[in-house]
>>> print(open('query.cif').read())   # mmCIF, C-alpha atoms
data_run
#
loop_
_atom_site.label_atom_id
_atom_site.label_comp_id
_atom_site.auth_asym_id
_atom_site.auth_seq_id
_atom_site.Cartn_x
_atom_site.Cartn_y
_atom_site.Cartn_z
CA MET A 137 -103.28 -101.86 31.43
CA ALA A 138 -100.88 -102.92 28.82
CA SER A 139 -101.49 -106.38 27.51
CA THR A 140 -99.19 -109.20 26.60
CA VAL A 141 -98.94 -110.40 23.02
CA ILE A 142 -96.95 -113.46 22.06
CA GLY A 143 -96.40 -112.75 18.38
CA ALA A 144 -96.48 -115.25 15.57
CA GLY A 145 -92.73 -115.82 15.39
CA ILE A 146 -92.19 -116.23 19.12
CA THR A 147 -91.88 -119.37 21.21
CA ILE A 148 -91.89 -119.34 25.00
CA GLU A 149 -90.89 -122.45 26.89
CA GLY A 150 -91.53 -122.01 30.56
CA GLU A 151 -93.92 -120.38 32.88
CA ILE A 152 -96.05 -117.31 32.29
CA SER A 153 -98.04 -115.62 34.98
CA ALA A 154 -99.89 -112.45 34.19
CA ASP A 155 -102.25 -109.85 35.53
CA ASP A 156 -102.66 -108.64 31.94
CA GLU A 157 -104.71 -109.97 29.11
CA ILE A 158 -102.74 -112.38 26.98
CA VAL A 159 -102.99 -112.86 23.25
CA VAL A 160 -101.20 -115.87 21.79
CA GLN A 161 -100.32 -115.92 18.11
CA GLY A 162 -97.09 -117.84 18.59
CA THR A 163 -96.23 -120.87 20.70
CA ILE A 164 -96.26 -121.41 24.45
CA ARG A 165 -95.03 -124.58 26.14
CA GLY A 166 -95.12 -125.01 29.88
CA LYS A 167 -97.62 -123.28 32.08
CA LEU A 168 -99.90 -120.32 31.56
CA GLU A 169 -101.60 -118.45 34.35
CA ALA A 170 -103.54 -115.27 33.76
CA ARG A 171 -105.96 -113.38 35.94
CA GLU A 172 -107.50 -111.69 32.96
CA GLY A 173 -108.56 -113.07 29.61
CA VAL A 174 -106.55 -115.27 27.31
CA THR A 175 -107.04 -115.36 23.55
CA VAL A 176 -105.39 -118.07 21.49
CA GLU A 177 -105.64 -116.82 17.94
CA THR A 178 -105.59 -118.78 14.72
CA GLY A 179 -102.04 -120.06 14.33
CA GLY A 180 -101.41 -119.81 18.05
CA VAL A 181 -100.29 -122.99 19.80
CA VAL A 182 -100.46 -123.57 23.54
CA GLU A 183 -99.05 -126.80 24.91
CA ALA A 184 -99.65 -126.00 28.52
CA ASP A 185 -102.16 -126.12 31.29
CA ILE A 186 -104.08 -122.87 31.33
CA VAL A 187 -105.53 -121.16 34.36
CA SER A 188 -107.28 -117.96 33.37
CA GLY A 189 -110.25 -115.66 33.29
CA PRO A 190 -112.27 -115.76 30.09
CA LEU A 191 -110.62 -117.87 27.42
CA SER A 192 -111.21 -117.69 23.72
CA VAL A 193 -109.57 -120.23 21.41
CA SER A 194 -109.28 -120.23 17.63
CA GLY A 195 -105.87 -121.91 17.60
CA HIS A 196 -104.58 -125.12 19.13
CA VAL A 197 -104.51 -125.95 22.83
CA THR A 198 -103.15 -129.14 24.32
CA GLY A 199 -103.56 -129.11 28.07
CA ASN A 200 -106.10 -128.76 30.80
CA ILE A 201 -108.05 -125.53 30.96
CA THR A 202 -109.37 -124.00 34.15
CA SER A 203 -111.26 -120.78 33.70
CA SER A 204 -112.90 -118.66 36.38
CA ASP A 205 -115.17 -117.39 33.65
CA ARG A 206 -116.25 -118.56 30.23
CA VAL A 207 -114.47 -120.63 27.61
CA ASP A 208 -115.26 -120.13 23.93
CA LEU A 209 -113.96 -122.65 21.43
CA LEU A 210 -114.36 -120.91 18.11
CA ALA A 211 -114.41 -122.33 14.59
CA GLY A 212 -110.97 -123.67 13.72
CA ALA A 213 -110.05 -124.32 17.34
CA LYS A 214 -108.49 -127.65 18.25
CA VAL A 215 -108.48 -128.42 21.94
CA VAL A 216 -107.26 -131.60 23.60
CA GLY A 217 -107.68 -131.57 27.34
CA ASN A 218 -110.21 -131.13 30.09
CA VAL A 219 -112.11 -127.90 30.47
CA LYS A 220 -113.34 -126.54 33.77
CA ALA A 221 -115.34 -123.33 33.46
CA THR A 222 -118.55 -121.62 34.47
CA ARG A 223 -119.75 -121.41 30.86
CA ILE A 224 -118.56 -122.97 27.68
CA THR A 225 -119.39 -122.63 24.01
CA ILE A 226 -118.13 -124.91 21.28
CA ALA A 227 -118.68 -123.46 17.86
CA ASP A 228 -119.44 -125.40 14.73
CA GLY A 229 -116.03 -126.22 13.26
CA ALA A 230 -114.23 -126.43 16.58
CA GLN A 231 -112.54 -129.71 17.48
CA PHE A 232 -112.58 -130.78 21.08
CA LYS A 233 -111.43 -133.90 22.88
CA GLY A 234 -111.74 -134.01 26.63
CA ASN A 235 -114.11 -133.63 29.52
CA VAL A 236 -116.14 -130.61 30.51
CA ASP A 237 -116.59 -129.75 34.16
CA MET A 238 -119.04 -126.95 34.90
CA ASP A 239 -119.96 -125.70 38.34
CA VAL A 240 -123.64 -126.40 38.92
CA MET B 251 -122.93 -113.74 39.53
CA ALA B 252 -120.49 -111.45 37.83
CA GLN B 253 -121.06 -110.61 34.21
CA ALA B 254 -119.14 -112.95 31.92
CA ARG B 255 -116.25 -111.21 30.25
CA THR B 256 -114.52 -111.75 26.97
CA PRO B 257 -111.16 -110.27 25.97
CA SER B 258 -111.79 -106.72 24.84
CA PRO B 259 -112.14 -106.12 21.09
CA ALA B 260 -109.60 -103.29 21.28
CA ASN B 261 -107.05 -105.76 22.55
CA ARG B 262 -107.73 -108.13 19.72
CA GLN B 263 -107.32 -105.34 17.19
CA ALA B 264 -104.04 -104.28 18.73
CA ALA B 265 -102.87 -107.85 18.46
CA ALA B 266 -103.88 -108.11 14.84
CA ARG B 267 -101.90 -105.04 13.91
CA THR B 268 -98.61 -106.21 15.28
CA THR B 269 -96.44 -109.20 14.51
CA GLN B 270 -94.15 -108.54 17.42
CA ALA B 271 -94.33 -109.83 20.94
CA VAL B 272 -95.05 -107.77 24.02
CA ILE B 273 -94.65 -108.91 27.59
CA GLY B 274 -96.99 -106.57 29.43
CA ALA B 275 -96.33 -104.74 32.67
CA GLY B 276 -98.29 -107.22 34.76
CA THR B 277 -96.74 -110.31 33.21
CA ARG B 278 -93.91 -112.52 34.44
CA VAL B 279 -92.23 -115.04 32.21
CA ARG B 280 -89.80 -117.66 33.44
CA GLY B 281 -88.14 -119.79 30.82
CA ARG B 282 -86.83 -119.62 27.33
CA VAL B 283 -88.05 -117.11 24.75
CA THR B 284 -87.04 -117.65 21.15
CA GLY B 285 -88.25 -116.14 17.91
CA ASP B 286 -87.74 -114.30 14.66
CA GLY B 287 -89.51 -111.08 15.51
CA ASP B 288 -89.10 -108.22 17.92
CA LEU B 289 -89.77 -108.51 21.63
CA THR B 290 -90.80 -105.68 23.93
CA VAL B 291 -90.65 -106.22 27.67
CA LEU B 292 -92.63 -104.04 30.09
CA GLY B 293 -92.94 -106.75 32.70
CA GLN B 294 -90.51 -109.30 34.08
CA LEU B 295 -88.57 -111.90 32.18
CA GLU B 296 -86.25 -114.49 33.71
CA GLY B 297 -84.43 -117.14 31.75
CA GLU B 298 -82.99 -117.03 28.30
CA VAL B 299 -83.80 -114.80 25.34
CA SER B 300 -82.89 -115.43 21.74
CA VAL B 301 -84.60 -113.25 19.15
CA ARG B 302 -83.56 -112.30 15.66
CA GLY B 303 -85.20 -108.90 15.84
CA GLU B 304 -84.90 -106.15 18.39
CA LEU B 305 -85.31 -106.65 22.11
CA PHE B 306 -86.65 -103.54 23.78
CA ILE B 307 -86.68 -103.44 27.55
CA GLU B 308 -89.02 -100.59 28.38
CA LYS B 309 -88.97 -98.41 31.46
CA GLY B 310 -90.25 -100.58 34.29
CA GLY B 311 -89.28 -103.75 32.45
CA ARG B 312 -86.86 -106.10 34.17
CA VAL B 313 -84.96 -108.83 32.39
CA THR B 314 -82.73 -111.32 34.21
CA SER B 315 -81.32 -113.37 31.41
CA ASP B 316 -78.54 -113.76 28.91
CA ILE B 317 -79.52 -112.21 25.64
CA ASP B 318 -78.91 -113.08 22.04
CA ALA B 319 -80.59 -110.57 19.76
CA GLY B 320 -80.38 -108.65 16.51
CA ALA B 321 -80.55 -105.35 18.35
CA LEU B 322 -81.11 -104.21 21.90
CA ARG B 323 -82.59 -101.08 23.43
CA VAL B 324 -82.80 -100.75 27.18
CA ALA B 325 -84.73 -98.19 29.19
CA GLY B 326 -85.41 -100.54 32.10
CA THR B 327 -83.28 -103.01 34.01
CA LEU B 328 -81.17 -105.81 32.58
CA ASP B 329 -79.08 -108.34 34.43
CA GLY B 330 -77.24 -110.67 32.08
CA ASP B 331 -74.71 -110.96 29.32
CA VAL B 332 -75.59 -109.56 25.95
CA HIS B 333 -74.62 -110.74 22.47
CA VAL B 334 -76.06 -108.52 19.79
CA THR B 335 -75.25 -108.45 16.09
CA GLY B 336 -76.51 -104.90 15.58
CA ASP B 337 -77.04 -101.81 17.69
CA VAL B 338 -77.07 -101.77 21.47
CA THR B 339 -78.59 -98.64 22.97
CA LEU B 340 -78.73 -97.99 26.69
CA LEU B 341 -81.18 -95.16 27.21
CA ALA B 342 -81.31 -92.68 30.06
CA GLY B 343 -82.55 -94.35 33.22
CA SER B 344 -81.50 -97.83 32.17
CA ASN B 345 -79.57 -100.06 34.52
CA VAL B 346 -77.51 -102.86 33.03
CA SER B 347 -75.35 -105.42 34.84
CA GLY B 348 -73.46 -107.75 32.57
CA ASP B 349 -71.09 -107.87 29.68
CA LEU B 350 -72.04 -106.22 26.43
CA HIS B 351 -70.89 -107.64 23.12
CA GLY B 352 -72.24 -105.60 20.27
CA ALA B 353 -71.24 -104.21 16.94
CA ARG B 354 -72.35 -100.72 17.88
CA VAL B 355 -72.97 -99.69 21.46
CA SER B 356 -74.29 -96.34 22.61
CA LEU B 357 -74.84 -95.16 26.15
CA GLU B 358 -77.12 -92.24 26.76
CA GLU B 359 -76.46 -89.78 29.52
CA GLY B 360 -77.99 -91.23 32.68
CA ALA B 361 -77.56 -94.86 31.67
CA VAL B 362 -75.83 -97.08 34.22
CA LEU B 363 -73.65 -99.97 33.10
CA ASP B 364 -71.89 -102.36 35.43
CA GLY B 365 -69.89 -104.81 33.36
CA ARG B 366 -67.57 -105.16 30.41
CA LEU B 367 -68.09 -103.37 27.18
CA ASP B 368 -66.68 -105.41 24.36
CA SER B 369 -67.04 -103.40 21.22
CA GLU B 370 -64.88 -101.61 18.72
CA PHE B 371 -65.28 -97.89 19.09
CA ASP B 372 -63.57 -94.54 18.91
CA LEU B 373 -63.17 -92.49 22.05
CA PRO B 374 -64.17 -88.82 21.80
CA SER B 375 -61.26 -86.61 20.76
CA GLU B 376 -60.95 -85.00 24.21
CA LEU B 377 -60.10 -88.39 25.65
CA GLY B 378 -57.22 -88.83 23.26
CA GLU B 379 -56.34 -91.69 21.03
CA THR B 380 -58.56 -94.15 19.31
CA SER B 381 -59.11 -97.20 21.44
CA ARG B 382 -60.13 -100.63 20.26
CA ALA B 383 -61.85 -103.42 22.13
CA ALA B 384 -61.65 -101.53 25.37
CA ALA B 385 -62.90 -103.14 28.53
CA HIS B 386 -64.51 -100.74 30.94
CA LYS B 387 -66.36 -100.81 34.15
CA ALA B 388 -68.29 -97.67 33.57
CA THR B 389 -71.13 -95.46 34.53
CA ALA B 390 -72.06 -93.37 31.55
CA ARG B 391 -71.71 -89.75 32.42
CA ARG B 392 -70.77 -86.67 30.56
#
>>> encode(input="query.cif", output="structure tokens")
Amino acid sequence: MASTVIGAGITIEGEISADDEIVVQGTIRGKLEAREGVTVETGGVVEADIVSGPLSVSGHVTGNITSSDRVDLLAGAKVVGNVKATRITIADGAQFKGNVDMDV
Amino acid sequence: MAQARTPSPANRQAAARTTQAVIGAGTRVRGRVTGDGDLTVLGQLEGEVSVRGELFIEKGGRVTSDIDAGALRVAGTLDGDVHVTGDVTLLAGSNVSGDLHGARVSLEEGAVLDGRLDSEFDLPSELGETSRAAAHKATARR
């Protein structure tokens, strides 16, 4: 299936809902819902609550994250918000402020 | 429990190669989209679009929005008014409702346009004299 890429020069203010994978290199403000994976790349900015499958962040996220799968905060990531996921990794060099809620 | 997934490497590579934006077939966007680059729509987009590059509405793509763009190519469905500084191309199979303001507009055979066409152009010789700033409600046909 084709995937969605929000390129570096693009800003979306509003609501995104997707069955595709989403790659964010630009800016999203509002709400982001994806059934598949979401990747916030270096330089990507998400100021939105995220509901998704697996999530991988190397950019900036401000908002609450709910993942049905795993969340990986990679080096260079800056995340402010609460994370709810089945698994989470926070790499050395990732910045994170918020609570973690894991199903146990 | 299901195996944990990560976004596929192929997808990441594809993303790295392109600086443009793609709204995939399974994606719906409601809101405002602005940017410097190109935007390709295979899914659904509702709201407002303002891009400096080219907006390409692919077959299957549906855009309900006024558009401000550098160039526009439509193979899918568009409902909204269009202001484009460069080329506007309505490809075969496209369906456009709204007014078109563009420097250069071309309609392919099989394109459907319901709206005003506000552009300076020359009519083909068989249709007679040169016409300027014509307003048409037209279905492109040969």
>>> resolve_selection(input="query.cif", expression="the PyMOL selection byres ((chain B) within 6 of (chain A))", output="PyMOL selection string")
chain B and resi 256-257+269-274+276-287
>>> write_last_selection(input="query.cif", atoms="C-alpha atoms", output="short mmCIF file (atom, residue, chain, number, x, y, z; two decimals), keeping the file's coordinate frame")
data_model
loop_
_atom_site.label_atom_id
_atom_site.label_comp_id
_atom_site.auth_asym_id
_atom_site.auth_seq_id
_atom_site.Cartn_x
_atom_site.Cartn_y
_atom_site.Cartn_z
CA THR B 256 -114.52 -111.75 26.97
CA PRO B 257 -111.16 -110.27 25.97
CA THR B 269 -96.44 -109.20 14.51
CA GLN B 270 -94.15 -108.54 17.42
CA ALA B 271 -94.33 -109.83 20.94
CA VAL B 272 -95.05 -107.77 24.02
CA ILE B 273 -94.65 -108.91 27.59
CA GLY B 274 -96.99 -106.57 29.43
CA GLY B 276 -98.29 -107.22 34.76
CA THR B 277 -96.74 -110.31 33.21
CA ARG B 278 -93.91 -112.52 34.44
CA VAL B 279 -92.23 -115.04 32.21
CA ARG B 280 -89.80 -117.66 33.44
CA GLY B 281 -88.14 -119.79 30.82
CA ARG B 282 -86.83 -119.62 27.33
CA VAL B 283 -88.05 -117.11 24.75
CA THR B 284 -87.04 -117.65 21.15
CA GLY B 285 -88.25 -116.14 17.91
CA ASP B 286 -87.74 -114.30 14.66
CA GLY B 287 -89.51 -111.08 15.51
#
>>> residues_around(input="query.cif", residues="Gly229 (chain A)", least_positions_apart="6", cutoff="9 Å", atoms="all atoms listed in the file", output="VMD selection string")
chain A and resid 210 to 213
>>> resolve_selection(input="query.cif", expression="the PyMOL selection byres ((chain B and resi 294) around 6)", output="ChimeraX atom specification")
/B:278,293,295,311-313
>>> residues_near_point(input="query.cif", point="(-106.8, -129.3, 26.7)", cutoff="9 Å", atoms="only C-alpha atoms", output="list in words")
Glu183, Ala184, Asp185, Ile186, His196, Val197, Thr198, Gly199, Asn200, Ile201, Lys214, Val215, Val216, Gly217, Asn218, Val219, Phe232, Lys233, Gly234 and Asn235 of chain A
>>> closest_residue(input="query.cif", among="A:Val181, A:Val187, A:Ala221, A:Leu209", to="Val240 (chain A)", atoms="only C-alpha atoms")
A:Ala221
>>> atom_distance(input="query.cif", atom1="CA of Val176 (chain A)", atom2="CA of Ser300 (chain B)")
22.7 Å
>>> atom_distance(input="query.cif", atom1="CA of Thr314 (chain B)", atom2="CA of Ser188 (chain A)")
25.4 Å
>>> residues_near_point(input="query.cif", point="(-78.3, -106.3, 19.1)", cutoff="9 Å", atoms="only C-alpha atoms", output="compact mmCIF listing (two decimals) with C-alpha atoms, keeping the file's coordinate frame")
# COMPACT_ATOMS: atom_id res chain seq x y z
CA ARG B 302 -83.56 -112.30 15.66
CA GLY B 303 -85.20 -108.90 15.84
CA GLU B 304 -84.90 -106.15 18.39
CA LEU B 305 -85.31 -106.65 22.11
CA ILE B 317 -79.52 -112.21 25.64
CA ASP B 318 -78.91 -113.08 22.04
CA ALA B 319 -80.59 -110.57 19.76
CA GLY B 320 -80.38 -108.65 16.51
CA ALA B 321 -80.55 -105.35 18.35
CA LEU B 322 -81.11 -104.21 21.90
CA ARG B 323 -82.59 -101.08 23.43
CA VAL B 332 -75.59 -109.56 25.95
CA HIS B 333 -74.62 -110.74 22.47
CA VAL B 334 -76.06 -108.52 19.79
CA THR B 335 -75.25 -108.45 16.09
CA GLY B 336 -76.51 -104.90 15.58
CA ASP B 337 -77.04 -101.81 17.69
CA VAL B 338 -77.07 -101.77 21.47
CA THR B 339 -78.59 -98.64 22.97
CA HIS B 351 -70.89 -107.64 23.12
CA GLY B 352 -72.24 -105.60 20.27
CA ALA B 353 -71.24 -104.21 16.94
CA ARG B 354 -72.35 -100.72 17.88
CA VAL B 355 -72.97 -99.69 21.46
>>> atom_distance(input="query.cif", atom1="CA of Ser356 (chain B)", atom2="CA of Gly343 (chain B)")
13.6 Å
>>> resolve_selection(input="query.cif", expression="the PyMOL selection byres ((chain B and resi 363) around 12)", output="PyMOL selection string")
chain B and resi 324-331+339-350+355-362+364-367+386-391
>>> write_last_selection(input="query.cif", atoms="C-alpha atoms", output="CSV table (one decimal), keeping the file's coordinate frame")
chain,number,residue,atom,x,y,z
B,324,VAL,CA,-82.8,-100.8,27.2
B,325,ALA,CA,-84.7,-98.2,29.2
B,326,GLY,CA,-85.4,-100.5,32.1
B,327,THR,CA,-83.3,-103.0,34.0
B,328,LEU,CA,-81.2,-105.8,32.6
B,329,ASP,CA,-79.1,-108.3,34.4
B,330,GLY,CA,-77.2,-110.7,32.1
B,331,ASP,CA,-74.7,-111.0,29.3
B,339,THR,CA,-78.6,-98.6,23.0
B,340,LEU,CA,-78.7,-98.0,26.7
B,341,LEU,CA,-81.2,-95.2,27.2
B,342,ALA,CA,-81.3,-92.7,30.1
B,343,GLY,CA,-82.6,-94.4,33.2
B,344,SER,CA,-81.5,-97.8,32.2
B,345,ASN,CA,-79.6,-100.1,34.5
B,346,VAL,CA,-77.5,-102.9,33.0
B,347,SER,CA,-75.4,-105.4,34.8
B,348,GLY,CA,-73.5,-107.8,32.6
B,349,ASP,CA,-71.1,-107.9,29.7
B,350,LEU,CA,-72.0,-106.2,26.4
B,355,VAL,CA,-73.0,-99.7,21.5
B,356,SER,CA,-74.3,-96.3,22.6
B,357,LEU,CA,-74.8,-95.2,26.2
B,358,GLU,CA,-77.1,-92.2,26.8
B,359,GLU,CA,-76.5,-89.8,29.5
B,360,GLY,CA,-78.0,-91.2,32.7
B,361,ALA,CA,-77.6,-94.9,31.7
B,362,VAL,CA,-75.8,-97.1,34.2
B,364,ASP,CA,-71.9,-102.4,35.4
B,365,GLY,CA,-69.9,-104.8,33.4
B,366,ARG,CA,-67.6,-105.2,30.4
B,367,LEU,CA,-68.1,-103.4,27.2
B,386,HIS,CA,-64.5,-100.7,30.9
B,387,LYS,CA,-66.4,-100.8,34.2
B,388,ALA,CA,-68.3,-97.7,33.6
B,389,THR,CA,-71.1,-95.5,34.5
B,390,ALA,CA,-72.1,-93.4,31.6
B,391,ARG,CA,-71.7,-89.8,32.4
>>> axis_aligned_box(input="query.cif", around="region 292-295 of chain B", padding_each_side="5 Å", output="lines of an AutoDock Vina configuration file")
center_x = -90.8
center_y = -108.0
center_z = 32.1
size_x = 14.4
size_y = 17.9
size_z = 14.0
>>> build_atoms(input="query.cif", residues="region 174-209 of chain A", atoms="N, CA and C atoms", output="compact mmCIF listing (two decimals), in the frame of the given file")
# COMPACT_ATOMS: atom_id res chain seq x y z
N VAL A 174 -107.57 -114.72 28.20
CA VAL A 174 -106.55 -115.27 27.31
C VAL A 174 -107.21 -115.53 25.96
N THR A 175 -106.56 -115.10 24.90
CA THR A 175 -107.04 -115.36 23.55
C THR A 175 -105.97 -116.13 22.79
N VAL A 176 -106.31 -117.31 22.34
CA VAL A 176 -105.39 -118.07 21.49
C VAL A 176 -105.90 -117.91 20.07
N GLU A 177 -105.17 -117.14 19.28
CA GLU A 177 -105.64 -116.82 17.94
C GLU A 177 -105.30 -117.93 16.95
N THR A 178 -105.89 -117.82 15.78
CA THR A 178 -105.59 -118.78 14.72
C THR A 178 -104.08 -118.79 14.48
N GLY A 179 -103.50 -119.96 14.48
CA GLY A 179 -102.04 -120.06 14.33
C GLY A 179 -101.32 -120.13 15.66
N GLY A 180 -102.00 -119.74 16.71
CA GLY A 180 -101.41 -119.81 18.05
C GLY A 180 -101.44 -121.24 18.57
N VAL A 181 -100.39 -121.64 19.26
CA VAL A 181 -100.29 -122.99 19.80
C VAL A 181 -99.95 -122.91 21.28
N VAL A 182 -100.77 -123.52 22.11
CA VAL A 182 -100.46 -123.57 23.54
C VAL A 182 -100.40 -125.04 23.96
N GLU A 183 -99.21 -125.46 24.36
CA GLU A 183 -99.05 -126.80 24.91
C GLU A 183 -98.77 -126.63 26.38
N ALA A 184 -99.82 -126.35 27.11
CA ALA A 184 -99.65 -126.00 28.52
C ALA A 184 -100.99 -126.06 29.22
N ASP A 185 -100.94 -126.27 30.51
CA ASP A 185 -102.16 -126.12 31.29
C ASP A 185 -102.45 -124.63 31.41
N ILE A 186 -103.70 -124.27 31.29
CA ILE A 186 -104.08 -122.87 31.33
C ILE A 186 -104.99 -122.62 32.52
N VAL A 187 -104.65 -121.65 33.30
CA VAL A 187 -105.53 -121.16 34.36
C VAL A 187 -105.78 -119.70 34.05
N SER A 188 -107.04 -119.32 33.85
CA SER A 188 -107.28 -117.96 33.37
C SER A 188 -108.67 -117.46 33.70
N GLY A 189 -108.91 -116.22 33.32
CA GLY A 189 -110.25 -115.66 33.29
C GLY A 189 -110.92 -116.17 32.02
N PRO A 190 -111.63 -115.31 31.32
CA PRO A 190 -112.27 -115.76 30.09
C PRO A 190 -111.25 -116.22 29.06
N LEU A 191 -111.55 -117.31 28.40
CA LEU A 191 -110.62 -117.87 27.42
C LEU A 191 -111.32 -118.03 26.09
N SER A 192 -110.66 -117.56 25.05
CA SER A 192 -111.21 -117.69 23.72
C SER A 192 -110.16 -118.36 22.83
N VAL A 193 -110.55 -119.45 22.18
CA VAL A 193 -109.57 -120.23 21.41
C VAL A 193 -109.99 -120.32 19.95
N SER A 194 -109.13 -119.89 19.05
CA SER A 194 -109.28 -120.23 17.63
C SER A 194 -108.08 -121.00 17.12
N GLY A 195 -107.07 -121.14 17.97
CA GLY A 195 -105.87 -121.91 17.60
C GLY A 195 -105.89 -123.28 18.25
N HIS A 196 -104.70 -123.78 18.57
CA HIS A 196 -104.58 -125.12 19.13
C HIS A 196 -104.18 -125.07 20.60
N VAL A 197 -104.88 -125.84 21.41
CA VAL A 197 -104.51 -125.95 22.83
C VAL A 197 -104.42 -127.42 23.20
N THR A 198 -103.29 -127.81 23.75
CA THR A 198 -103.15 -129.14 24.32
C THR A 198 -102.83 -128.96 25.79
N GLY A 199 -103.77 -129.30 26.63
CA GLY A 199 -103.56 -129.11 28.07
C GLY A 199 -104.89 -128.89 28.75
N ASN A 200 -104.87 -128.94 30.04
CA ASN A 200 -106.10 -128.76 30.80
C ASN A 200 -106.39 -127.27 30.99
N ILE A 201 -107.65 -126.93 30.87
CA ILE A 201 -108.05 -125.53 30.96
C ILE A 201 -108.91 -125.33 32.20
N THR A 202 -108.54 -124.39 33.01
CA THR A 202 -109.37 -124.00 34.15
C THR A 202 -109.64 -122.52 34.03
N SER A 203 -110.91 -122.18 33.87
CA SER A 203 -111.26 -120.78 33.70
C SER A 203 -112.22 -120.36 34.80
N SER A 204 -111.98 -119.17 35.37
CA SER A 204 -112.90 -118.66 36.38
C SER A 204 -114.13 -118.06 35.70
N ASP A 205 -114.11 -118.02 34.41
CA ASP A 205 -115.17 -117.39 33.65
C ASP A 205 -115.60 -118.31 32.50
N ARG A 206 -115.75 -117.75 31.33
CA ARG A 206 -116.25 -118.56 30.23
C ARG A 206 -115.14 -119.03 29.30
N VAL A 207 -115.41 -120.11 28.61
CA VAL A 207 -114.47 -120.63 27.61
C VAL A 207 -115.23 -120.70 26.28
N ASP A 208 -114.67 -120.09 25.27
CA ASP A 208 -115.26 -120.13 23.93
C ASP A 208 -114.31 -120.84 22.98
N LEU A 209 -114.74 -121.97 22.47
CA LEU A 209 -113.96 -122.65 21.43
C LEU A 209 -114.57 -122.26 20.10
